[in-house]
Structures are given as structure tokens and as C-alpha cells.
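The block underneath contains the structure these notes are about, expressed in C-alpha cells.
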Amino acid sequence: TLVRVTLLYLLMFFYSSMNEHIWFRTLIVVSDAIVSSHLIVIQYHQVFIIQGAFSGAMSYFIYHFVVKTRGTTQSWLIGYGVVIPTIILFPYYELALLDIRNKLLKFSLSTITPSLMLFQAHEAIHGFPPPFVEDSTKSFFTYWASPLELVRDPKTGNIIRAGWKDLLKHVGLFLLYNIVFGLLHSLILPYNCDPFPTRTEIPLGVSFQGMIDPGRWANNFLHGLTFHLFLSLFAEGVIVTTVILYGGKCMPVMSNPMGLSKSVSEFWGARWNAAIHGVLKRGVYKPTRKYFGRLPAAFATFIASG
């Protein structure tokens, strides 16, 4: 446990330091960034503690008052009258309580975390959880408290343990994405992220010439690549954190969609943000299909996916 906590602290310290000074700064700026990164690490710890406590409390409450009474009026009233509003409103309280100003933390706590929890709550209310999750309070708590869904043995339901090779692999990918993202961001930032000249007199989408402008295509490609690298960096950081805390293998998130996809369906369906596919299917598609049919379910899932 001590080794895991130490690794987690060093990882967050390294990430926050690199995030503060993206490779090309003076020594004075670097030293200031390292000092300020300590404050970010402390805030990371506060977020982990508060979010973990909130997830734990919600999992216990949902398991005993929604899952155990599923199908009753009480389950529906508590699910949609207490659980859903609490999940939606809690991030506002957390952001104000900790005075969070880091954009990455703000983005995560105000969008990613509550969205996943809402989908998981829908799973619990409508009875579409992953296999073995509702076998016990402990299993349900582990599912809710883990930042990412853990891989389970399909026969026994036990969490498949992650070895040191798995951990080092994801640490290596995290460092690689950090370096590549930092270099690319540093190169395009002086040009306001648009290094290729464009026909500025032609607004995008107004004319055919504006839509086929080579400069716009090149800049848009760089924007997509930068966003891809950022999400991959964030995903690998979350995977490393989950492996350190729980010792189990995680469902994949970003599997190099821009570099390895051979089709649009493979890009969206198998490699881009794969971690969200399961909760969308169980928390949105299946409940909607149960009451309204396949077409509304597909539309609702598309809207919920953002």
C-alpha cells in the first residue's frame, strides 16, 4: 500500500510539474511551476478523498435503497428524486468548496465524472449492471469507487489482477503522450494553435472555397491530433491511478484511434473513448430500448455520448 501511494504521489507530482511548464521555459519559470505544482498535487489529493467518499456513500445508498428494492415505487422515487439530482448538483459544491481553478480538474469534475455516475445510476435503477457487480455491497462499492471499470473474470467474477508489467506499460504510455503532447502544444501555441496560413477573408462554412482551404484542413488536423493526444494522456493517467489504487486491470480507453483505425466504425466503435461504450449501452441504450424501442434508444445514446 505504501509503495502504491508513493507511486501515485510521484505520478501526480510529475504530471502537474510538466503540465505547468511545457518543456520550453526559463529556469525561473520552471522553479515557480514546481512550487505551484505542490499545491496542485495537494488539490488532487483532496479531490480523490472527497470524490472517493462521495462515490462510496452513493454506492452504499443506491445498493440498499435502489438495487435491493428495484421495481418498487420507493426505488423509482429515490433513484430519480434523490440520486440523480445529487449527482448533478454535487460537482458545483465540490468545485466551490475546493476553489478549483485547474482546467483539467474542472473539466473532469464537471463533465466526465458526473456523466459516468449518471449512467451508472441509470444502470442500477433499470437493472442493467455489469455481471457480478451487484453480488455484494463490496463488489458494488468497488465498481462505483473505481475511476475506470475493472476487468473481471467472466466465470468467477473476480477482478483480474494487474502485474508490474501492466503498470509500467501504462506509465510508459503516459510519459510518451506527455512528451509528444507537450512538444506539439509548444510548437503550435505561438501561432494561436493555427500555424498554417488560411484565407481569413472567407469564414469557415460560408463558401466552398473556405471549406476546401488547405490551411484550414491542416490546422483542423492539428487540432484533432492535439485533442487526441490530450485525451490519451488523460486516459493513461487515470488508468495508472486505477491500477495503483485497486491493483486490477482496467477496460481500455483510448487505443490510438488516429494511428491504428482502419475504418470509421473501428475509430468510433473500438478505439475512441472505449471506456464509455459499456456504460452508455447499459445506462442509456438498454433502458430506453426497453420502453421506447431501438430507434429512440440509438438516438438517445447518440445525444448522451456528446
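Chain labels follow the order of the C-alpha cells: the first chain is A, the next B, and so on; residue numbering restarts at 1 in every chain, and ligands are counted from 1 in their shown order.
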
For segment 254-266 of chain A, please output as a list in words all residues within 9 Å (counting only C-alpha atoms; exclusion window: fewer than 2 positions along the same chain). Gly224, Leu225, His228, Leu229, Leu231, Ser232, Ala235, Glu236, Pro252, Trp268, Gly269, Ala270, Arg271, Trp272, Asn273, Ala274 and Ala275 of chain A

Which polymer residues have any atom within 10 Å of an atom of segment 144-152 of chain A, counting only C-alpha atoms, with same-chain residues fewer than 6 positions away left out, as a PyMOL selection string? chain A and resi 48+51-60+113+116-117+120-121+130-133+138+158-162+235+238-239+241-243+245-253+275-276+278-279

Please list as a PyMOL selection string every residue within 12 Å of Ile50 of chain A, counting only C-alpha atoms and excluding residues in the same chain fewer than 6 positions away. chain A and resi 43-44+56-57+90-91+93-95+97-98+109+145

Got time to write the residues from that selection, N, CA and C atoms, as a short mmCIF file (atom, residue, chain, number, x, y, z; two decimals), in the first residue's frame?
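Wrote it out as selection_15.cif, contents follow:
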data_model
loop_
_atom_site.label_atom_id
_atom_site.label_comp_id
_atom_site.auth_asym_id
_atom_site.auth_seq_id
_atom_site.Cartn_x
_atom_site.Cartn_y
_atom_site.Cartn_z
N GLN A 43 -4.30 19.53 -4.09
CA GLN A 43 -5.69 19.61 -4.54
C GLN A 43 -6.13 18.30 -5.18
N TYR A 44 -5.23 17.64 -5.91
CA TYR A 44 -5.54 16.32 -6.45
C TYR A 44 -5.92 15.37 -5.32
N GLY A 56 -18.39 6.36 -2.52
CA GLY A 56 -18.65 5.30 -1.56
C GLY A 56 -20.00 5.44 -0.90
N ALA A 57 -20.33 6.67 -0.49
CA ALA A 57 -21.62 6.91 0.16
C ALA A 57 -22.77 6.67 -0.82
N PHE A 90 -23.77 17.82 -6.98
CA PHE A 90 -22.57 17.68 -6.15
C PHE A 90 -21.33 18.34 -6.75
N PRO A 91 -21.06 18.24 -8.08
CA PRO A 91 -19.85 18.89 -8.62
C PRO A 91 -19.79 20.39 -8.35
N TYR A 93 -20.92 21.97 -5.76
CA TYR A 93 -20.50 22.12 -4.36
C TYR A 93 -19.01 21.81 -4.21
N GLU A 94 -18.55 20.76 -4.86
CA GLU A 94 -17.14 20.36 -4.75
C GLU A 94 -16.21 21.41 -5.35
N LEU A 95 -16.55 21.94 -6.52
CA LEU A 95 -15.72 22.97 -7.14
C LEU A 95 -15.64 24.22 -6.28
N LEU A 97 -16.20 24.34 -2.95
CA LEU A 97 -15.57 24.02 -1.67
C LEU A 97 -14.05 24.04 -1.78
N LEU A 98 -13.50 23.48 -2.84
CA LEU A 98 -12.05 23.39 -3.00
C LEU A 98 -11.46 24.56 -3.80
N LEU A 109 -14.24 17.09 -13.25
CA LEU A 109 -15.25 17.04 -12.19
C LEU A 109 -16.62 17.56 -12.65
N ALA A 145 -16.60 3.13 -6.94
CA ALA A 145 -15.48 3.94 -6.46
C ALA A 145 -14.30 3.95 -7.42
#

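Atom CA of Tyr63 of chain A to atom CA of Phe128 of chain A spans 13.4 Å [interatomic distance, one decimal].
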
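With only C-alpha atoms as the basis for measurement, A:Ile62 is the residue among A:Leu168, A:Ala96, A:Ile62, A:Leu183 that approaches Val82 of chain A most closely.
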
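Once Gly215 of chain A and its same-chain neighbours fewer than 3 positions away are set aside, Asp194, Pro195, Phe196, Pro197, Thr198, Arg199, Ile212, Ala218, Asn219 and Asn220 of chain A remain within 9 Å of it when counting only C-alpha atoms.
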
Residue subset to file, keeping all heavy atoms, as a PDB file, in the first residue's frame:
ATOM      1  N   ASP A 194      -2.861  27.793 -34.747  1.00  0.00           N
ATOM      2  CA  ASP A 194      -3.154  27.755 -36.190  1.00  0.00           C
ATOM      3  C   ASP A 194      -1.889  28.121 -36.959  1.00  0.00           C
ATOM      4  O   ASP A 194      -1.767  29.238 -37.485  1.00  0.00           O
ATOM      5  CB  ASP A 194      -4.280  28.726 -36.551  1.00  0.00           C
ATOM      6  CG  ASP A 194      -5.627  28.267 -36.040  1.00  0.00           C
ATOM      7  OD1 ASP A 194      -5.858  27.038 -36.025  1.00  0.00           O
ATOM      8  OD2 ASP A 194      -6.437  29.115 -35.644  1.00  0.00           O
ATOM      9  N   PRO A 195      -0.918  27.207 -37.076  1.00  0.00           N
ATOM     10  CA  PRO A 195       0.361  27.558 -37.707  1.00  0.00           C
ATOM     11  C   PRO A 195       0.294  27.719 -39.217  1.00  0.00           C
ATOM     12  O   PRO A 195       1.146  28.385 -39.807  1.00  0.00           O
ATOM     13  CB  PRO A 195       1.264  26.364 -37.336  1.00  0.00           C
ATOM     14  CG  PRO A 195       0.322  25.218 -37.144  1.00  0.00           C
ATOM     15  CD  PRO A 195      -0.930  25.826 -36.562  1.00  0.00           C
ATOM     16  N   PHE A 196      -0.707  27.135 -39.874  1.00  0.00           N
ATOM     17  CA  PHE A 196      -0.788  27.214 -41.334  1.00  0.00           C
ATOM     18  C   PHE A 196      -1.650  28.402 -41.757  1.00  0.00           C
ATOM     19  O   PHE A 196      -2.733  28.612 -41.212  1.00  0.00           O
ATOM     20  CB  PHE A 196      -1.361  25.917 -41.912  1.00  0.00           C
ATOM     21  CG  PHE A 196      -0.484  24.723 -41.693  1.00  0.00           C
ATOM     22  CD1 PHE A 196      -0.725  23.863 -40.630  1.00  0.00           C
ATOM     23  CD2 PHE A 196       0.591  24.475 -42.528  1.00  0.00           C
ATOM     24  CE1 PHE A 196       0.093  22.764 -40.414  1.00  0.00           C
ATOM     25  CE2 PHE A 196       1.416  23.373 -42.327  1.00  0.00           C
ATOM     26  CZ  PHE A 196       1.164  22.518 -41.258  1.00  0.00           C
ATOM     27  N   PRO A 197      -1.192  29.176 -42.707  1.00  0.00           N
ATOM     28  CA  PRO A 197      -1.972  30.344 -43.153  1.00  0.00           C
ATOM     29  C   PRO A 197      -3.273  29.923 -43.830  1.00  0.00           C
ATOM     30  O   PRO A 197      -3.338  28.904 -44.520  1.00  0.00           O
ATOM     31  CB  PRO A 197      -1.032  31.038 -44.144  1.00  0.00           C
ATOM     32  CG  PRO A 197      -0.104  29.955 -44.618  1.00  0.00           C
ATOM     33  CD  PRO A 197       0.064  29.018 -43.460  1.00  0.00           C
ATOM     34  N   THR A 198      -4.308  30.711 -43.619  1.00  0.00           N
ATOM     35  CA  THR A 198      -5.619  30.448 -44.218  1.00  0.00           C
ATOM     36  C   THR A 198      -6.145  31.711 -44.872  1.00  0.00           C
ATOM     37  O   THR A 198      -5.627  32.811 -44.661  1.00  0.00           O
ATOM     38  CB  THR A 198      -6.624  29.975 -43.160  1.00  0.00           C
ATOM     39  OG1 THR A 198      -6.762  31.002 -42.162  1.00  0.00           O
ATOM     40  CG2 THR A 198      -6.151  28.693 -42.491  1.00  0.00           C
ATOM     41  N   ARG A 199      -7.193  31.532 -45.659  1.00  0.00           N
ATOM     42  CA  ARG A 199      -7.851  32.681 -46.284  1.00  0.00           C
ATOM     43  C   ARG A 199      -8.808  33.281 -45.254  1.00  0.00           C
ATOM     44  O   ARG A 199      -9.988  32.945 -45.205  1.00  0.00           O
ATOM     45  CB  ARG A 199      -8.609  32.240 -47.525  1.00  0.00           C
ATOM     46  CG  ARG A 199      -7.738  31.542 -48.559  1.00  0.00           C
ATOM     47  CD  ARG A 199      -8.589  30.942 -49.666  1.00  0.00           C
ATOM     48  NE  ARG A 199      -7.789  30.152 -50.591  1.00  0.00           N
ATOM     49  CZ  ARG A 199      -8.285  29.433 -51.593  1.00  0.00           C
ATOM     50  NH1 ARG A 199      -9.601  29.429 -51.792  1.00  0.00           N
ATOM     51  NH2 ARG A 199      -7.499  28.735 -52.380  1.00  0.00           N
ATOM     52  N   ILE A 212     -12.680  24.087 -48.512  1.00  0.00           N
ATOM     53  CA  ILE A 212     -11.581  23.293 -49.059  1.00  0.00           C
ATOM     54  C   ILE A 212     -10.230  23.979 -48.890  1.00  0.00           C
ATOM     55  O   ILE A 212      -9.238  23.535 -49.477  1.00  0.00           O
ATOM     56  CB  ILE A 212     -11.823  22.991 -50.548  1.00  0.00           C
ATOM     57  CG1 ILE A 212     -11.834  24.295 -51.364  1.00  0.00           C
ATOM     58  CG2 ILE A 212     -13.111  22.195 -50.743  1.00  0.00           C
ATOM     59  CD1 ILE A 212     -11.886  24.055 -52.869  1.00  0.00           C
ATOM     60  N   ALA A 218      -5.291  21.626 -42.689  1.00  0.00           N
ATOM     61  CA  ALA A 218      -4.070  21.319 -41.930  1.00  0.00           C
ATOM     62  C   ALA A 218      -4.219  21.724 -40.467  1.00  0.00           C
ATOM     63  O   ALA A 218      -3.837  20.965 -39.552  1.00  0.00           O
ATOM     64  CB  ALA A 218      -2.878  22.024 -42.566  1.00  0.00           C
ATOM     65  N   ASN A 219      -4.779  22.905 -40.216  1.00  0.00           N
ATOM     66  CA  ASN A 219      -4.972  23.351 -38.841  1.00  0.00           C
ATOM     67  C   ASN A 219      -5.978  22.467 -38.105  1.00  0.00           C
ATOM     68  O   ASN A 219      -5.792  22.140 -36.924  1.00  0.00           O
ATOM     69  CB  ASN A 219      -5.436  24.810 -38.823  1.00  0.00           C
ATOM     70  CG  ASN A 219      -4.333  25.779 -39.212  1.00  0.00           C
ATOM     71  OD1 ASN A 219      -3.155  25.527 -38.970  1.00  0.00           O
ATOM     72  ND2 ASN A 219      -4.705  26.883 -39.840  1.00  0.00           N
ATOM     73  N   ASN A 220      -7.056  22.095 -38.800  1.00  0.00           N
ATOM     74  CA  ASN A 220      -8.052  21.222 -38.173  1.00  0.00           C
ATOM     75  C   ASN A 220      -7.449  19.864 -37.822  1.00  0.00           C
ATOM     76  O   ASN A 220      -7.780  19.267 -36.788  1.00  0.00           O
ATOM     77  CB  ASN A 220      -9.254  21.035 -39.096  1.00  0.00           C
ATOM     78  CG  ASN A 220     -10.098  22.288 -39.183  1.00  0.00           C
ATOM     79  OD1 ASN A 220     -10.023  23.163 -38.325  1.00  0.00           O
ATOM     80  ND2 ASN A 220     -10.909  22.384 -40.224  1.00  0.00           N
TER      81      ASN A 220
END

Which residues are close to Ala304 of chain A, i.e. within 9 Å by only C-alpha atoms, leaving aside same-chain residues fewer than 5 positions away? Reply as number ranges by chain. A: 115, 280, 284, 299

Would you export the selected residues with all heavy atoms as a short mmCIF file (atom, residue, chain, number, x, y, z; two decimals), in the first residue's frame, please?
data_model
loop_
_atom_site.label_atom_id
_atom_site.label_comp_id
_atom_site.auth_asym_id
_atom_site.auth_seq_id
_atom_site.Cartn_x
_atom_site.Cartn_y
_atom_site.Cartn_z
N SER A 115 -21.11 12.54 -15.49
CA SER A 115 -21.75 11.81 -16.60
C SER A 115 -21.65 10.31 -16.37
O SER A 115 -22.64 9.58 -16.52
CB SER A 115 -21.08 12.19 -17.92
OG SER A 115 -21.28 13.56 -18.22
N LEU A 280 -22.71 3.57 -21.58
CA LEU A 280 -23.74 4.12 -22.46
C LEU A 280 -24.74 3.04 -22.86
O LEU A 280 -25.95 3.27 -22.89
CB LEU A 280 -23.10 4.72 -23.71
CG LEU A 280 -22.54 6.14 -23.60
CD1 LEU A 280 -21.81 6.51 -24.88
CD2 LEU A 280 -23.63 7.14 -23.30
N VAL A 284 -27.99 3.92 -20.91
CA VAL A 284 -28.84 4.73 -21.79
C VAL A 284 -29.57 3.86 -22.81
O VAL A 284 -30.81 3.88 -22.89
CB VAL A 284 -28.02 5.82 -22.52
CG1 VAL A 284 -28.92 6.65 -23.41
CG2 VAL A 284 -27.30 6.71 -21.52
N PHE A 299 -30.91 7.01 -30.80
CA PHE A 299 -30.85 8.47 -30.81
C PHE A 299 -30.47 9.01 -29.43
O PHE A 299 -29.63 9.90 -29.31
CB PHE A 299 -32.19 9.04 -31.25
CG PHE A 299 -32.22 10.53 -31.31
CD1 PHE A 299 -31.58 11.22 -32.33
CD2 PHE A 299 -32.90 11.28 -30.34
CE1 PHE A 299 -31.59 12.61 -32.37
CE2 PHE A 299 -32.91 12.66 -30.38
CZ PHE A 299 -32.26 13.33 -31.39
#

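In this model, the gap between atom CA of Leu176 of chain A and atom CA of Ile112 of chain A comes to 23.3 Å.
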
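Minimum distance to Phe141 of chain A across A:Gln46, A:Leu187, A:Leu89, A:His64 (counting only C-alpha atoms) occurs at A:His64.
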
Assign secondary structure with DSSP using the backbone only, and return the residues of segment 95-272 of chain A in helix (DSSP H, G or I) as a VMD selection string. chain A and resid 95 to 98 103 to 126 133 to 135 137 to 145 164 to 191 208 to 211 214 to 246 257 to 260 264 to 271

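You will find atom CA of Lys165 of chain A at 23.5 Å from atom CA of Tyr143 of chain A.
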
Give me the residues near His185 of chain A as an NGL selection string, where near means some atom within 8 Å (using only C-alpha atoms) and where sequence neighbours in that chain fewer than 4 positions away do not count. :A and (22 or 181 or 189 or 193 or 226)

Residue subset to file, keeping all heavy atoms, as a PDB file, in the first residue's frame:
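The resulting out22.pdb:
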ATOM      1  N   ILE A  22       5.567  23.495 -20.069  1.00  0.00           N
ATOM      2  CA  ILE A  22       5.549  22.540 -21.166  1.00  0.00           C
ATOM      3  C   ILE A  22       6.850  22.655 -21.942  1.00  0.00           C
ATOM      4  O   ILE A  22       6.915  23.256 -23.008  1.00  0.00           O
ATOM      5  CB  ILE A  22       4.328  22.761 -22.066  1.00  0.00           C
ATOM      6  CG1 ILE A  22       3.053  22.809 -21.217  1.00  0.00           C
ATOM      7  CG2 ILE A  22       4.208  21.661 -23.101  1.00  0.00           C
ATOM      8  CD1 ILE A  22       1.809  23.062 -22.023  1.00  0.00           C
ATOM      9  N   PHE A 181       2.590  15.379 -26.487  1.00  0.00           N
ATOM     10  CA  PHE A 181       1.606  16.451 -26.349  1.00  0.00           C
ATOM     11  C   PHE A 181       2.290  17.771 -25.993  1.00  0.00           C
ATOM     12  O   PHE A 181       1.945  18.831 -26.527  1.00  0.00           O
ATOM     13  CB  PHE A 181       0.583  16.083 -25.274  1.00  0.00           C
ATOM     14  CG  PHE A 181      -0.379  17.191 -24.935  1.00  0.00           C
ATOM     15  CD1 PHE A 181      -1.408  17.526 -25.797  1.00  0.00           C
ATOM     16  CD2 PHE A 181      -0.237  17.919 -23.757  1.00  0.00           C
ATOM     17  CE1 PHE A 181      -2.283  18.551 -25.487  1.00  0.00           C
ATOM     18  CE2 PHE A 181      -1.102  18.942 -23.445  1.00  0.00           C
ATOM     19  CZ  PHE A 181      -2.135  19.265 -24.321  1.00  0.00           C
ATOM     20  N   LEU A 189       1.456  26.647 -30.105  1.00  0.00           N
ATOM     21  CA  LEU A 189       0.910  27.690 -29.233  1.00  0.00           C
ATOM     22  C   LEU A 189       1.310  29.096 -29.665  1.00  0.00           C
ATOM     23  O   LEU A 189       0.477  30.017 -29.624  1.00  0.00           O
ATOM     24  CB  LEU A 189       1.321  27.431 -27.779  1.00  0.00           C
ATOM     25  CG  LEU A 189       0.616  28.279 -26.721  1.00  0.00           C
ATOM     26  CD1 LEU A 189      -0.896  28.042 -26.765  1.00  0.00           C
ATOM     27  CD2 LEU A 189       1.156  27.957 -25.331  1.00  0.00           C
ATOM     28  N   CYS A 193      -2.335  28.232 -32.084  1.00  0.00           N
ATOM     29  CA  CYS A 193      -2.739  26.872 -32.476  1.00  0.00           C
ATOM     30  C   CYS A 193      -3.154  26.758 -33.943  1.00  0.00           C
ATOM     31  O   CYS A 193      -3.741  25.750 -34.344  1.00  0.00           O
ATOM     32  CB  CYS A 193      -3.869  26.356 -31.576  1.00  0.00           C
ATOM     33  SG  CYS A 193      -3.382  26.201 -29.844  1.00  0.00           S
ATOM     34  N   THR A 226      -4.055  17.181 -31.492  1.00  0.00           N
ATOM     35  CA  THR A 226      -3.788  17.686 -30.147  1.00  0.00           C
ATOM     36  C   THR A 226      -4.839  17.192 -29.162  1.00  0.00           C
ATOM     37  O   THR A 226      -4.514  16.767 -28.038  1.00  0.00           O
ATOM     38  CB  THR A 226      -3.781  19.231 -30.150  1.00  0.00           C
ATOM     39  OG1 THR A 226      -2.815  19.698 -31.097  1.00  0.00           O
ATOM     40  CG2 THR A 226      -3.434  19.780 -28.773  1.00  0.00           C
TER      41      THR A 226
END

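Considering the residues A:Thr72, A:Arg282, A:Ile87, A:Glu123 and counting only C-alpha atoms, Thr111 of chain A has its shortest atom-to-atom contact with A:Ile87.
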
Within 12 Å of Ile125 of chain A using only C-alpha atoms, minus same-chain residues under 6 positions, as a ChimeraX atom specification: /A:62-84,118-119,282-284,286-287
